[in-house]
$ cat model.cif   # mmCIF, C-alpha atoms
data_work
#
loop_
_atom_site.label_atom_id
_atom_site.label_comp_id
_atom_site.auth_asym_id
_atom_site.auth_seq_id
_atom_site.Cartn_x
_atom_site.Cartn_y
_atom_site.Cartn_z
CA MET A 1386 41.13 -35.51 33.83
CA ILE A 1387 41.25 -35.19 30.04
CA LYS A 1388 44.59 -33.95 28.83
CA GLY A 1389 45.03 -30.81 26.68
CA GLY A 1390 45.81 -32.75 23.51
CA LYS A 1391 42.66 -34.84 23.76
CA LEU A 1392 40.52 -31.80 24.60
CA LEU A 1393 41.98 -30.03 21.58
CA PHE A 1394 41.05 -32.98 19.39
CA ILE A 1395 37.47 -33.24 20.76
CA PHE A 1396 36.73 -29.55 20.34
CA GLY A 1397 38.46 -29.47 16.97
CA VAL A 1398 36.10 -32.20 15.76
CA LEU A 1399 33.12 -30.33 17.29
CA LEU A 1400 34.19 -27.13 15.56
CA LEU A 1401 34.52 -28.87 12.22
CA PHE A 1402 31.15 -30.60 12.68
CA SER A 1403 29.30 -27.39 13.56
CA ILE A 1404 30.85 -25.49 10.63
CA VAL A 1405 29.87 -28.25 8.20
CA MET A 1406 26.33 -28.39 9.63
CA LEU A 1407 26.01 -24.60 9.40
CA LEU A 1408 27.01 -24.76 5.74
CA ILE A 1409 24.57 -27.59 5.03
CA GLN A 1410 21.73 -25.76 6.79
CA ASN A 1411 22.24 -22.44 5.09
CA ILE A 1412 23.65 -23.11 1.63
CA ASN A 1413 21.47 -24.53 -1.09
CA ILE A 1414 23.60 -26.86 -3.17
CA PRO A 1415 22.22 -27.01 -6.69
CA GLU A 1416 21.06 -30.44 -7.79
CA PHE A 1417 23.36 -32.30 -10.09
CA THR A 1418 21.48 -33.85 -12.97
CA ILE A 1419 22.62 -35.73 -16.03
CA THR A 1420 20.83 -34.41 -19.07
CA GLY A 1421 22.44 -36.55 -21.74
CA ALA A 1422 22.57 -35.15 -25.20
CA ALA A 1423 19.12 -33.59 -25.25
CA THR A 1424 18.84 -30.27 -27.03
CA GLU A 1425 16.23 -27.73 -26.18
CA GLY A 1426 15.56 -24.10 -27.04
CA THR A 1427 13.46 -21.57 -25.15
CA THR A 1428 12.19 -18.10 -25.81
CA SER A 1429 10.30 -15.81 -23.50
CA SER A 1430 6.76 -14.58 -24.01
CA ASN A 1431 5.77 -11.36 -22.36
CA VAL A 1432 2.74 -9.07 -22.34
CA THR A 1433 1.82 -6.11 -20.18
CA ILE A 1434 -1.83 -5.16 -19.95
CA GLU A 1435 -2.25 -1.54 -19.01
CA LYS A 1436 -5.43 0.17 -17.90
CA TYR A 1437 -6.04 3.85 -17.52
CA LEU A 1438 -8.99 6.06 -16.69
CA SER A 1439 -9.56 9.70 -15.97
CA ILE A 1440 -12.56 11.69 -14.76
CA ASP A 1441 -13.44 15.36 -14.49
CA LEU A 1442 -16.22 17.27 -12.73
CA SER A 1443 -18.26 19.87 -14.63
CA ASP A 1444 -17.60 23.48 -13.63
CA ASN A 1445 -20.87 23.70 -11.72
CA LEU A 1446 -20.06 20.57 -9.75
CA SER A 1447 -16.45 21.70 -9.22
CA GLU A 1448 -17.56 24.87 -7.49
CA GLY A 1449 -19.40 22.82 -4.88
CA ILE A 1450 -23.00 21.76 -4.27
CA ILE A 1451 -24.76 24.91 -3.18
CA PHE A 1452 -28.27 25.09 -1.78
CA GLY A 1453 -28.44 28.89 -1.25
CA ASN A 1454 -30.17 30.57 1.67
CA LEU A 1455 -32.85 28.32 3.10
CA ASN A 1456 -35.51 28.73 5.73
CA PRO A 1457 -35.90 25.94 8.29
CA ASP A 1458 -38.58 23.31 7.83
CA ILE A 1459 -38.02 22.67 4.13
CA VAL A 1460 -38.02 19.31 2.36
CA HIS A 1461 -36.08 18.39 -0.77
CA SER A 1462 -34.69 21.82 -1.44
CA ASN A 1463 -32.92 21.79 -4.81
CA ALA A 1464 -29.21 22.44 -5.28
CA THR A 1465 -28.76 25.59 -7.42
CA HIS A 1466 -27.65 23.67 -10.52
CA ASN A 1467 -30.26 20.89 -10.41
CA TYR A 1468 -32.30 22.31 -13.30
CA ASP A 1469 -30.19 25.02 -15.02
CA GLY A 1470 -29.10 23.02 -18.06
CA ALA A 1471 -30.60 22.53 -21.53
CA SER A 1472 -34.15 21.10 -21.35
CA ASP A 1473 -34.05 21.95 -17.61
CA GLY A 1474 -31.48 19.21 -17.13
CA SER A 1475 -28.81 19.14 -14.45
CA THR A 1476 -25.43 20.80 -15.05
CA MET A 1477 -23.72 18.74 -12.35
CA LEU A 1478 -21.96 15.92 -14.09
CA VAL A 1479 -18.90 13.72 -13.96
CA ASN A 1480 -17.19 13.09 -17.28
CA VAL A 1481 -15.08 10.09 -18.29
CA SER A 1482 -12.17 11.30 -20.38
CA ALA A 1483 -11.79 10.08 -23.95
CA ASP A 1484 -8.19 9.36 -22.90
CA SER A 1485 -9.28 6.27 -20.96
CA ASN A 1486 -9.23 2.65 -22.06
CA THR A 1487 -11.89 1.25 -19.76
CA ALA A 1488 -15.49 2.08 -18.97
CA VAL A 1489 -15.93 3.51 -15.50
CA ASP A 1490 -18.20 3.08 -12.49
CA PHE A 1491 -18.75 6.07 -10.21
CA CYS A 1492 -18.84 6.02 -6.43
CA ILE A 1493 -19.97 8.79 -4.09
CA LYS A 1494 -19.59 9.59 -0.40
CA ALA A 1495 -19.63 12.50 2.02
CA ASN A 1496 -16.89 12.97 4.60
CA THR A 1497 -19.29 13.93 7.39
CA HIS A 1498 -22.63 15.59 8.23
CA LEU A 1499 -23.16 19.19 7.18
CA ILE A 1500 -21.60 21.07 10.10
CA SER A 1501 -21.62 24.80 10.86
CA ASP A 1502 -18.72 26.78 12.31
CA GLY A 1503 -20.63 26.77 15.57
CA GLY A 1504 -20.77 22.99 15.59
CA ASP A 1505 -24.46 22.67 14.69
CA ILE A 1506 -25.27 19.71 12.48
CA ILE A 1507 -27.61 18.84 9.63
CA GLY A 1508 -27.56 15.07 9.58
CA LEU A 1509 -26.22 13.44 6.45
CA GLY A 1510 -29.53 11.60 6.04
CA ASN A 1511 -31.01 14.97 5.02
CA GLU A 1512 -28.68 15.40 2.05
CA SER A 1513 -29.70 13.20 -0.84
CA TYR A 1514 -28.78 12.67 -4.48
CA CYS A 1515 -29.85 10.86 -7.58
CA ASN A 1516 -27.83 10.00 -10.64
CA ASN A 1517 -28.84 8.90 -14.08
CA ALA A 1518 -26.16 7.35 -16.20
CA THR A 1519 -25.77 9.44 -19.30
CA THR A 1520 -28.75 11.70 -19.90
CA THR A 1521 -30.52 14.54 -18.12
CA ASP A 1522 -33.76 16.48 -18.58
CA ILE A 1523 -36.45 17.93 -16.34
CA ILE A 1524 -37.35 14.45 -15.06
CA THR A 1525 -34.00 12.69 -14.77
CA PRO A 1526 -32.16 12.32 -12.47
CA SER A 1527 -35.40 11.97 -10.54
CA LEU A 1528 -36.22 12.79 -6.94
CA VAL A 1529 -38.20 9.54 -6.82
CA ASN A 1530 -34.98 7.56 -7.07
CA LYS A 1531 -33.01 9.59 -4.54
CA SER A 1532 -30.63 8.08 -1.99
CA SER A 1533 -29.20 9.65 1.13
CA LEU A 1534 -25.46 10.26 1.20
CA THR A 1535 -23.31 8.07 3.41
CA THR A 1536 -19.78 8.34 4.74
CA SER A 1537 -18.66 5.23 2.84
CA TYR A 1538 -18.39 5.08 -0.92
CA VAL A 1539 -21.40 3.58 -2.70
CA LYS A 1540 -21.92 3.02 -6.42
CA SER A 1541 -23.58 6.01 -8.03
CA GLY A 1542 -23.12 5.21 -11.69
CA ASN A 1543 -22.49 2.00 -13.59
CA ASN A 1544 -20.69 1.36 -16.84
CA ILE A 1545 -20.15 4.95 -17.95
CA SER A 1546 -18.52 4.62 -21.35
CA ILE A 1547 -15.36 6.40 -22.41
CA GLY A 1548 -16.22 10.01 -23.22
CA ASP A 1549 -19.68 9.85 -21.58
CA ASP A 1550 -21.10 11.77 -18.61
CA GLY A 1551 -22.90 10.78 -15.43
CA TYR A 1552 -25.44 13.38 -14.25
CA TYR A 1553 -26.37 14.16 -10.65
CA ARG A 1554 -28.99 16.10 -8.72
CA PHE A 1555 -28.85 16.93 -5.01
CA TRP A 1556 -31.54 17.82 -2.44
CA LEU A 1557 -31.46 18.94 1.16
CA ASN A 1558 -33.98 18.75 4.01
CA VAL A 1559 -33.77 21.29 6.80
CA THR A 1560 -35.89 20.61 9.86
CA SER A 1561 -37.69 23.29 11.84
CA GLY A 1562 -35.62 24.65 14.66
CA GLN A 1563 -32.34 24.15 12.78
CA ALA A 1564 -29.81 26.73 14.00
CA SER A 1565 -28.83 29.42 11.47
CA GLY A 1566 -25.35 29.38 9.93
CA ASP A 1567 -23.27 28.16 7.00
CA TYR A 1568 -23.15 24.37 6.97
CA ASN A 1569 -20.42 22.52 5.08
CA ASN A 1570 -19.05 19.11 4.28
CA THR A 1571 -17.14 17.56 1.35
CA ILE A 1572 -18.60 15.16 -1.19
CA SER A 1573 -16.21 12.90 -3.06
CA PHE A 1574 -16.72 11.33 -6.48
CA LYS A 1575 -14.55 8.39 -7.38
CA GLY A 1576 -14.01 6.73 -10.73
CA ILE A 1577 -13.11 3.04 -10.73
CA GLU A 1578 -12.72 0.35 -13.32
CA ILE A 1579 -16.08 -1.08 -14.37
CA GLY A 1580 -17.19 -3.87 -12.06
CA ALA A 1581 -14.72 -3.11 -9.27
CA ALA A 1582 -15.90 -2.53 -5.71
CA CYS A 1583 -16.06 1.02 -4.35
CA MET B 412 10.67 25.88 2.02
CA ARG B 413 9.80 23.76 -1.00
CA LYS B 414 6.90 22.21 0.95
CA LEU B 415 5.63 25.69 1.86
CA ILE B 416 5.68 26.81 -1.78
CA LEU B 417 3.86 23.61 -2.76
CA LEU B 418 1.24 24.23 -0.06
CA VAL B 419 0.68 27.83 -1.20
CA MET B 420 0.32 26.62 -4.80
CA VAL B 421 -2.18 23.96 -3.71
CA ILE B 422 -4.27 26.55 -1.84
CA MET B 423 -4.15 28.97 -4.78
CA LEU B 424 -5.11 26.30 -7.26
CA SER B 425 -7.93 24.95 -5.12
CA SER B 426 -9.69 28.32 -5.29
CA PHE B 427 -10.15 27.85 -9.02
CA VAL B 428 -12.15 25.17 -10.79
CA LEU B 429 -10.99 21.59 -10.45
CA ALA B 430 -9.12 19.86 -13.19
CA GLY B 431 -9.39 16.16 -13.84
CA VAL B 432 -7.45 13.27 -12.41
CA GLY B 433 -6.32 10.10 -14.12
CA ILE B 434 -4.57 6.91 -13.10
CA LYS B 435 -2.74 4.37 -15.21
CA TRP B 436 -1.63 0.98 -13.95
CA GLY B 437 -0.11 -2.16 -15.37
CA GLN B 438 -0.14 -4.42 -12.33
CA GLU B 439 -2.99 -5.31 -10.00
CA SER B 440 -1.28 -7.94 -7.91
CA ALA B 441 2.16 -8.85 -6.67
CA LEU B 442 3.52 -12.02 -5.08
CA ILE B 443 6.06 -11.20 -2.38
CA ASN B 444 8.02 -13.48 -0.09
CA GLU B 445 7.25 -13.18 3.60
CA ARG B 446 9.61 -10.48 4.95
CA GLY B 447 10.40 -9.57 1.35
CA LYS B 448 10.31 -6.16 -0.28
CA THR B 449 8.91 -4.97 -3.58
CA CYS B 450 8.24 -1.67 -5.31
CA MET B 451 5.37 -0.93 -7.69
CA THR B 452 4.84 1.98 -10.01
CA TYR B 453 1.56 3.69 -10.75
CA GLN B 454 1.15 6.61 -13.09
CA VAL B 455 -0.96 9.75 -12.83
CA TYR B 456 -2.14 11.92 -15.69
CA ASN B 457 -4.44 14.83 -16.42
CA PRO B 458 -5.81 15.08 -19.97
CA TRP B 459 -7.87 18.16 -19.03
CA PRO B 460 -7.02 21.82 -19.71
CA GLU B 461 -6.24 22.83 -16.07
CA ASP B 462 -3.18 21.95 -13.97
CA THR B 463 -4.09 19.83 -11.00
CA PHE B 464 -2.56 18.95 -7.65
CA VAL B 465 -3.23 15.41 -6.61
CA THR B 466 -2.57 13.37 -3.52
CA ILE B 467 -1.76 9.70 -3.90
CA GLU B 468 -2.97 7.40 -1.16
CA LEU B 469 -3.16 3.73 -0.36
CA SER B 470 -6.15 2.25 1.38
CA ASP B 471 -5.71 1.38 5.07
CA GLU B 472 -5.27 -2.35 4.40
CA LEU B 473 -2.15 -1.66 2.32
CA ASN B 474 -0.77 1.06 4.57
CA GLU B 475 0.06 -1.68 7.09
CA ILE B 476 2.87 -2.91 4.85
CA LEU B 477 3.84 0.30 3.06
CA THR B 478 7.44 1.35 3.70
CA LEU B 479 7.95 4.09 1.19
CA GLN B 480 5.81 6.38 -0.87
CA GLU B 481 7.74 8.61 -3.18
CA VAL B 482 5.55 11.70 -2.82
CA GLU B 483 2.29 12.60 -1.20
CA THR B 484 1.26 15.60 -3.30
CA LYS B 485 2.15 16.03 -6.93
CA LEU B 486 1.47 18.64 -9.58
CA VAL B 487 0.09 17.12 -12.75
CA PRO B 488 0.26 19.68 -15.55
CA ALA B 489 -2.71 20.29 -17.84
CA ASP B 490 -2.91 18.19 -21.01
CA THR B 491 -0.78 15.38 -19.62
CA ALA B 492 -2.02 12.49 -21.73
CA SER B 493 -2.02 8.91 -20.54
CA SER B 494 0.96 8.26 -22.81
CA GLU B 495 2.93 10.90 -20.86
CA ALA B 496 1.69 9.84 -17.41
CA ILE B 497 3.92 10.66 -14.43
CA PRO B 498 5.19 7.61 -12.51
CA ILE B 499 4.78 7.31 -8.74
CA GLU B 500 6.55 4.53 -6.87
CA PHE B 501 5.32 2.64 -3.81
CA CYS B 502 7.51 0.19 -1.89
CA PHE B 503 6.21 -2.51 0.37
CA LYS B 504 7.99 -4.58 2.99
CA VAL B 505 6.05 -7.54 4.20
CA PRO B 506 6.26 -8.41 7.90
CA ARG B 507 6.23 -11.98 9.22
CA VAL B 508 2.63 -13.07 8.72
CA TYR B 509 2.66 -16.87 8.83
CA GLU B 510 2.92 -19.01 11.97
CA ARG B 511 6.21 -20.70 12.88
CA ASP B 512 6.96 -23.43 15.39
CA CYS B 513 9.88 -22.20 17.48
CA TRP B 514 11.70 -23.84 20.40
CA LEU B 515 13.26 -20.72 21.93
CA PHE B 516 11.77 -17.28 22.71
CA GLY B 517 9.23 -17.61 19.89
CA SER B 518 11.82 -16.72 17.27
CA LEU B 519 14.78 -19.11 17.58
CA ILE B 520 15.26 -22.66 16.28
CA CYS B 521 12.10 -22.49 14.18
CA LYS B 522 10.44 -24.50 11.45
CA GLN B 523 7.71 -23.36 9.11
CA ASP B 524 5.15 -25.74 7.63
CA CYS B 525 3.00 -23.25 5.64
CA ASN B 526 -0.27 -25.03 6.34
CA GLU B 527 -2.24 -21.78 6.52
CA GLU B 528 -4.14 -20.18 3.69
CA GLN B 529 -2.25 -17.66 1.62
CA LYS B 530 -2.42 -14.17 3.13
CA ILE B 531 -3.50 -11.42 0.77
CA TYR B 532 -3.59 -7.69 1.44
CA SER B 533 -6.28 -6.25 -0.81
CA GLY B 534 -6.80 -2.56 -1.24
CA GLU B 535 -6.52 0.22 -3.73
CA VAL B 536 -4.31 3.04 -4.86
CA SER B 537 -6.22 6.32 -5.08
CA VAL B 538 -5.35 9.56 -6.79
CA LYS B 539 -7.38 12.42 -5.28
CA SER B 540 -7.80 16.02 -6.26
CA VAL B 541 -7.60 18.80 -3.71
CA PRO B 542 -11.18 19.61 -2.52
CA SER B 543 -12.81 22.73 -3.95
CA GLU B 544 -13.27 25.80 -1.76
CA ILE B 545 -16.85 26.83 -1.19
CA ASN B 546 -18.16 30.28 -0.35
CA GLY B 547 -21.01 30.14 2.16
CA GLY B 548 -22.93 26.97 2.93
CA GLY B 549 -23.07 23.77 0.92
CA SER B 550 -20.89 20.81 0.07
CA ALA B 551 -17.38 21.13 -1.34
CA THR B 552 -16.52 18.56 -3.98
CA GLN B 553 -13.51 16.37 -4.54
CA MET B 554 -12.78 13.70 -7.12
CA ALA B 555 -10.66 10.61 -7.14
CA VAL B 556 -9.75 7.68 -9.33
CA SER B 557 -8.48 4.40 -8.03
CA ALA B 558 -6.91 1.13 -9.11
CA PRO B 559 -7.15 -2.18 -7.27
CA LEU B 560 -4.05 -3.76 -5.74
CA ASN B 561 -3.58 -7.20 -4.17
CA ILE B 562 -0.35 -8.06 -2.39
CA LYS B 563 -0.10 -11.85 -2.04
CA ILE B 564 2.36 -13.14 0.53
CA LYS B 565 4.35 -16.25 -0.31
CA CYS B 566 5.10 -18.59 2.58
CA ASN B 567 8.46 -20.36 2.39
CA ALA B 568 8.30 -23.71 4.19
CA HIS B 569 11.55 -24.85 5.82
CA PRO B 570 12.65 -27.53 8.30
CA ARG B 571 13.76 -26.59 11.81
CA ASN B 572 16.77 -24.32 11.67
CA PHE B 573 19.49 -25.41 14.09
CA SER B 574 21.94 -22.71 12.99
CA LEU B 575 21.86 -21.08 16.42
CA ILE B 576 22.95 -24.30 18.11
CA TYR B 577 25.75 -24.81 15.58
CA ILE B 578 26.88 -21.23 16.07
CA ILE B 579 26.97 -21.71 19.85
CA ILE B 580 28.95 -24.97 19.48
CA THR B 581 31.34 -23.19 17.10
CA LEU B 582 31.87 -20.34 19.54
CA ILE B 583 32.36 -22.64 22.54
CA SER B 584 34.78 -24.85 20.58
CA LEU B 585 36.74 -21.85 19.36
CA THR B 586 36.93 -20.44 22.88
CA ILE B 587 38.11 -23.71 24.42
CA ILE B 588 40.59 -24.38 21.60
CA GLY B 589 41.87 -20.85 22.00
CA LEU B 590 42.26 -21.27 25.75
CA ILE B 591 44.12 -24.59 25.37
CA LEU B 592 46.44 -23.13 22.76
CA TYR B 593 47.00 -20.00 24.84
CA LYS B 594 47.77 -22.07 27.90
CA LYS B 595 50.13 -24.21 25.90
CA TYR B 596 52.02 -21.51 24.05
CA ARG B 597 51.94 -18.55 26.47
CA LYS B 598 55.43 -19.48 27.89
CA PRO B 599 58.64 -19.24 25.78
CA LYS B 600 59.75 -22.41 24.00
CA LEU B 601 62.81 -22.86 26.21
CA GLU B 602 60.71 -22.78 29.35
CA ARG B 603 58.18 -25.20 27.84
CA ASP B 604 61.00 -27.59 26.89
CA LYS B 605 62.38 -27.39 30.40
CA GLU B 606 58.97 -28.23 31.86
CA LYS B 607 58.65 -31.09 29.39
CA LEU B 608 62.06 -32.38 30.37
CA LYS B 609 61.16 -32.10 34.03
CA LYS B 610 58.05 -34.17 33.45
CA ILE B 611 59.99 -36.85 31.55
CA LYS B 612 62.58 -37.02 34.30
CA LYS B 613 59.83 -37.40 36.86
CA LYS B 614 58.30 -40.19 34.83
CA ILE B 615 61.65 -42.00 34.43
CA LYS B 616 62.25 -41.70 38.17
CA LYS B 617 58.85 -43.17 38.86
CA GLU B 618 59.48 -46.05 36.44
CA THR B 619 62.92 -46.76 38.00
CA HIS B 620 61.42 -46.99 41.49
CA LYS B 621 59.04 -49.65 40.28
#

$ encode --input "model.cif" --output "structure tokens"
Amino acid sequence: MIKGGKLLFIFGVLLLFSIVMLLIQNINIPEFTITGAATEGTTSSNVTIEKYLSIDLSDNLSEGIIFGNLNPDIVHSNATHNYDGASDGSTMLVNVSADSNTAVDFCIKANTHLISDGGDIIGLGNESYCNNATTTDIITPSLVNKSSLTTSYVKSGNNISIGDDGYYRFWLNVTSGQASGDYNNTISFKGIEIGAAC
Amino acid sequence: MRKLILLVMVIMLSSFVLAGVGIKWGQESALINERGKTCMTYQVYNPWPEDTFVTIELSDELNEILTLQEVETKLVPADTASSEAIPIEFCFKVPRVYERDCWLFGSLICKQDCNEEQKIYSGEVSVKSVPSEINGGGSATQMAVSAPLNIKIKCNAHPRNFSLIYIIITLISLTIIGLILYKKYRKPKLERDKEKLKKIKKKIKKETHK
């Protein structure tokens, strides 16, 4: 049987050991180095690179993309503002603010199919668009180069310079037998730094 | 109440034409220690002649580690130039993402070698306008601007941490030392001296018999 005094000594040593080990494990002791008489001076160098960009939709694009009253079984029906600009150009455009310091790429997506209050659907593949970077007339943006909208962002304008516009046209197909009603969805335009992914 | 007023203002404003949205950023990446925390500031502006309500969102990849977003909807007054942009702060807390080699319960007495590739959360910060309202059929429109953001997680290699064992030894030692001392000093000094004397007498008697 170990006597009290000896036990006290053993556990005292254990206590001391564990405390020292805890300190060693958890405290970083700074390294001690001899530097001699060397002299050295430092100064900091600092730069912050800031980027900023801003976009705006034209009034006719802001009010939504409207196709009017359509009869079923129609192909490539024009949005109402496809040809109502000067030289029959489009008045649906996205502008890059002059208060930007980087050129901008545009991305476009729809949130869903065109859906009526009654739950009827015009598939998103029937709603298409074309964009031409900075100019518009009766030919451009052209139906020939149209793309269907998707629910993920895709590039719809590259390298739009500060202060410039990107023009859009939209078309809709309505198949025969399509139920009557108001069909809606939301189309988003996103401005990103040139070269970035959508 | 304030949220209700903000909501009413958003609905009222969305019935008019959209104003523009702008984003300003000075940092596209941050290096954060595993289980560390950092905050980043982005700025929104609106150099166009209409007030605009914007929502500020992070992409899903970054939402995993987001702990705090200052506001979700903000009014950006008309003619707010980039030089007067309004700051918005995001704070991130990084969870444990690198593997550790642990002896107990998967989280005790561990070491970390950091042999894995650096983990990076890549996403974007988006400033979105409130969608337009449309009368009749057609597509409502919404605009957004975004800035890229990469959160790089720094792995801190460390040898096996035996702190738990040392803490247990410390506690056991303290308990036993305490018990011994309690046992020894619980009786008054006079009584202890008497017991001591009794023991000595017993010892002397034993020695004499030899």

$ resolve_selection --input "model.cif" --expression "the PyMOL selection byres ((chain A and resi 1551-1568) around 6)" --output "PDB file with C-alpha atoms, keeping the file's coordinate frame"
ATOM      1  CA  PRO A1457     -35.900  25.940   8.290  1.00  0.00           C
ATOM      2  CA  ASP A1458     -38.580  23.310   7.830  1.00  0.00           C
ATOM      3  CA  ILE A1459     -38.020  22.670   4.130  1.00  0.00           C
ATOM      4  CA  VAL A1460     -38.020  19.310   2.360  1.00  0.00           C
ATOM      5  CA  HIS A1461     -36.080  18.390  -0.770  1.00  0.00           C
ATOM      6  CA  SER A1462     -34.690  21.820  -1.440  1.00  0.00           C
ATOM      7  CA  ASN A1463     -32.920  21.790  -4.810  1.00  0.00           C
ATOM      8  CA  ALA A1464     -29.210  22.440  -5.280  1.00  0.00           C
ATOM      9  CA  ASN A1467     -30.260  20.890 -10.410  1.00  0.00           C
ATOM     10  CA  MET A1477     -23.720  18.740 -12.350  1.00  0.00           C
ATOM     11  CA  LEU A1478     -21.960  15.920 -14.090  1.00  0.00           C
ATOM     12  CA  VAL A1479     -18.900  13.720 -13.960  1.00  0.00           C
ATOM     13  CA  LEU A1499     -23.160  19.190   7.180  1.00  0.00           C
ATOM     14  CA  ILE A1500     -21.600  21.070  10.100  1.00  0.00           C
ATOM     15  CA  SER A1501     -21.620  24.800  10.860  1.00  0.00           C
ATOM     16  CA  ASN A1511     -31.010  14.970   5.020  1.00  0.00           C
ATOM     17  CA  GLU A1512     -28.680  15.400   2.050  1.00  0.00           C
ATOM     18  CA  SER A1513     -29.700  13.200  -0.840  1.00  0.00           C
ATOM     19  CA  TYR A1514     -28.780  12.670  -4.480  1.00  0.00           C
ATOM     20  CA  CYS A1515     -29.850  10.860  -7.580  1.00  0.00           C
ATOM     21  CA  ASN A1516     -27.830  10.000 -10.640  1.00  0.00           C
ATOM     22  CA  ASN A1517     -28.840   8.900 -14.080  1.00  0.00           C
ATOM     23  CA  ALA A1518     -26.160   7.350 -16.200  1.00  0.00           C
ATOM     24  CA  THR A1519     -25.770   9.440 -19.300  1.00  0.00           C
ATOM     25  CA  ASP A1550     -21.100  11.770 -18.610  1.00  0.00           C
ATOM     26  CA  ASN A1569     -20.420  22.520   5.080  1.00  0.00           C
TER      27      ASN A1569
ATOM     28  CA  GLY B 547     -21.010  30.140   2.160  1.00  0.00           C
ATOM     29  CA  GLY B 548     -22.930  26.970   2.930  1.00  0.00           C
TER      30      GLY B 548
END

$ residues_around --input "model.cif" --residues "Phe1396 of chain A" --least-positions-apart "2" --cutoff "8 Å" --atoms "only C-alpha atoms" --output "count of residues only"
10

$ closest_residue --input "model.cif" --among "B:Asn572, B:Ser557, B:Ser533, B:Thr484" --to "Gly1576 of chain A" --atoms "all atoms listed in the file"
B:Ser557

$ closest_residue --input "model.cif" --among "B:Thr581, B:Thr491, B:Ser537, B:Ser470" --to "chain A" --atoms "only C-alpha atoms"
B:Thr581

$ axis_aligned_box --input "model.cif" --around "segment 1431-1441 of chain A" --padding-each-side "4 Å" --output "JSON"
{"center_x": -3.8, "center_y": 2.0, "center_z": -18.4, "size_x": 27.2, "size_y": 34.7, "size_z": 15.9}

$ closest_residue --input "model.cif" --among "B:Ile591, B:Ile583, B:Ala568, B:Thr552" --to "Asn1445 of chain A" --atoms "only C-alpha atoms"
B:Thr552

$ atom_distance --input "model.cif" --atom1 "atom CA of Ala558 of chain B" --atom2 "atom CA of Glu535 of chain B"
5.5 Å

$ decode --input "model.cif" --residues "segment 1506-1530 of chain A" --atoms "C-alpha atoms" --output "compact mmCIF listing (two decimals), in the first residue's frame"
# COMPACT_ATOMS: atom_id res chain seq x y z
CA ILE A 1506 -47.51 26.47 -70.41
CA ILE A 1507 -45.74 27.81 -73.49
CA GLY A 1508 -42.40 26.05 -73.41
CA LEU A 1509 -39.35 28.25 -73.04
CA GLY A 1510 -37.99 26.83 -76.30
CA ASN A 1511 -40.68 28.89 -78.06
CA GLU A 1512 -39.38 32.22 -76.73
CA SER A 1513 -36.25 33.30 -78.54
CA TYR A 1514 -33.99 36.34 -78.75
CA CYS A 1515 -31.12 37.78 -80.68
CA ASN A 1516 -28.69 40.47 -79.65
CA ASN A 1517 -26.27 42.54 -81.63
CA ALA A 1518 -23.58 44.29 -79.69
CA THR A 1519 -23.94 47.99 -80.27
CA THR A 1520 -26.05 48.77 -83.32
CA THR A 1521 -29.59 48.17 -84.51
CA ASP A 1522 -31.51 48.61 -87.76
CA ILE A 1523 -34.18 46.71 -89.68
CA ILE A 1524 -31.83 43.73 -90.11
CA THR A 1525 -29.97 43.55 -86.80
CA PRO A 1526 -30.46 41.94 -84.36
CA SER A 1527 -31.47 39.29 -86.87
CA LEU A 1528 -33.95 36.45 -86.59
CA VAL A 1529 -31.42 34.27 -88.40
CA ASN A 1530 -29.14 34.39 -85.38
